[in-house]
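Colleague: Could you have a look at this structure, given as structure tokens, before my questions?
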Amino acid sequence: MSPTLTILHRDDHLVAVHKPAGLLVHRSALARGEREFLLQRLRDQLGRRVYPVHRLDRPTSGVMVFALSPEVATQLAEAFSQRLVAKRYLAVVRGIGPEQERLAYPLREEDGSRPKAEMPAMEAYRLVLRCGLDASMSGLFERFGWVAHLPVDGVHHASLDPLTLNDQEA
């Protein structure tokens, strides 16, 4: 039996769950040999159909929103495509980088073989916090950062910019 998904929000129209890293949202060409998918696990857990309105890549953990009817799914998918919904990613990174940066190059497939999209995506990030960790067992001092990242431009990306976020929004 699959582990129970953490439900973050549920009402009459939608359900938001925590998607664990490593789990595909639904069956796809990438899914050869895969037997478990977030969509099916949530359907089994709730005992009803659910409709994904966006995706997160397999290695990404985070909040996934599912509609509880086809009509709501259509409305939410349209809001995503019209960039009325902002996606924000928070990440812990190793090393020291710039306070903020704009990147303009296509993301690569999980195996690094080729770009995921034909057009480059504009992405921006802002450093929220820097910290160091004394790994006394090894005698090394590791540096880490916590960054807020928003896709700025691209086919399904929001138009908000993390470089303009204040610390409370990040």
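Naming works like this for the structure tokens: A, B, ... for the chains as they're shown, residue 1 at the start of each chain, ligands 1 onward in shown order.
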Find the residues around A:Asp12 up to 12 Å (only C-alpha atoms counted), leave out those fewer than 4 positions away in its own chain, and share them as an NGL selection string.

Modeller: :A and (16 or 50 or 66-69 or 72)

Colleague: At a cut-off of 12 Å, using only C-alpha atoms, what residues contact A:Pro3? Leave out same-chain residues fewer than 6 positions from it and give the result as a ChimeraX atom specification.

Modeller: /A:19-20,23,36-38,41-42,44-45

Colleague: For atom CA of A:Thr4 and atom CA of A:Ala29, determine how far apart the two atoms are, in Å to one decimal place.

Modeller: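 Atom-to-atom, atom CA of A:Thr4 to atom CA of A:Ala29, that is 25.6 Å.
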
Colleague: Skipping near chain neighbours, those fewer than 2 positions away, what residues fall within 8 Å of A:His54 using only C-alpha atoms, listed as a CSV table (one decimal) with C-alpha atoms, in the first residue's frame?

Modeller:
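And here's selection-v1.csv as it stands now:
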```csv
chain,number,residue,atom,x,y,z
A,52,PRO,CA,-4.5,17.9,-12.4
A,56,LEU,CA,5.7,19.5,-11.2
A,64,MET,CA,0.1,20.2,-6.5
A,65,VAL,CA,-3.4,21.4,-7.0
A,77,ALA,CA,-5.9,25.4,-16.2
A,80,PHE,CA,-2.4,29.0,-15.3
```

Colleague: Please provide as a compact mmCIF listing (two decimals) with C-alpha atoms, in the first residue's frame all residues within 10 Å of A:Gly97, with the sequence filter that same-chain residues fewer than 4 positions apart are discarded (counting only C-alpha atoms).

Modeller:
```txt
# COMPACT_ATOMS: atom_id res chain seq x y z
CA VAL A 93 21.58 25.49 -2.71
CA GLU A 101 20.44 36.65 -10.98
CA ARG A 126 16.95 36.08 -5.29
CA LEU A 127 19.04 34.93 -2.35
CA ARG A 130 23.08 32.57 3.49
CA PHE A 144 24.48 27.05 1.77
CA GLY A 145 21.91 29.50 0.49
CA VAL A 147 16.82 31.11 -2.77
```

Colleague: How many Å lie between atom CA of A:Glu142 and atom CA of A:Val128, rounded to one decimal?

Modeller: 17.3 Å

Colleague: What does the structure give for the distance between atom CA of A:Ala21 and atom CA of A:Asp57, in Å to one decimal?

Modeller: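 So the answer is 8.4 Å.
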
Colleague: Compare A:Val92, A:Val53, A:Leu5, A:Leu129 by their minimum atom-to-atom distance to A:Glu78, counting only C-alpha atoms, and give me the closest one.

Modeller: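 Ranked by minimum distance to A:Glu78, first place goes to A:Val53.
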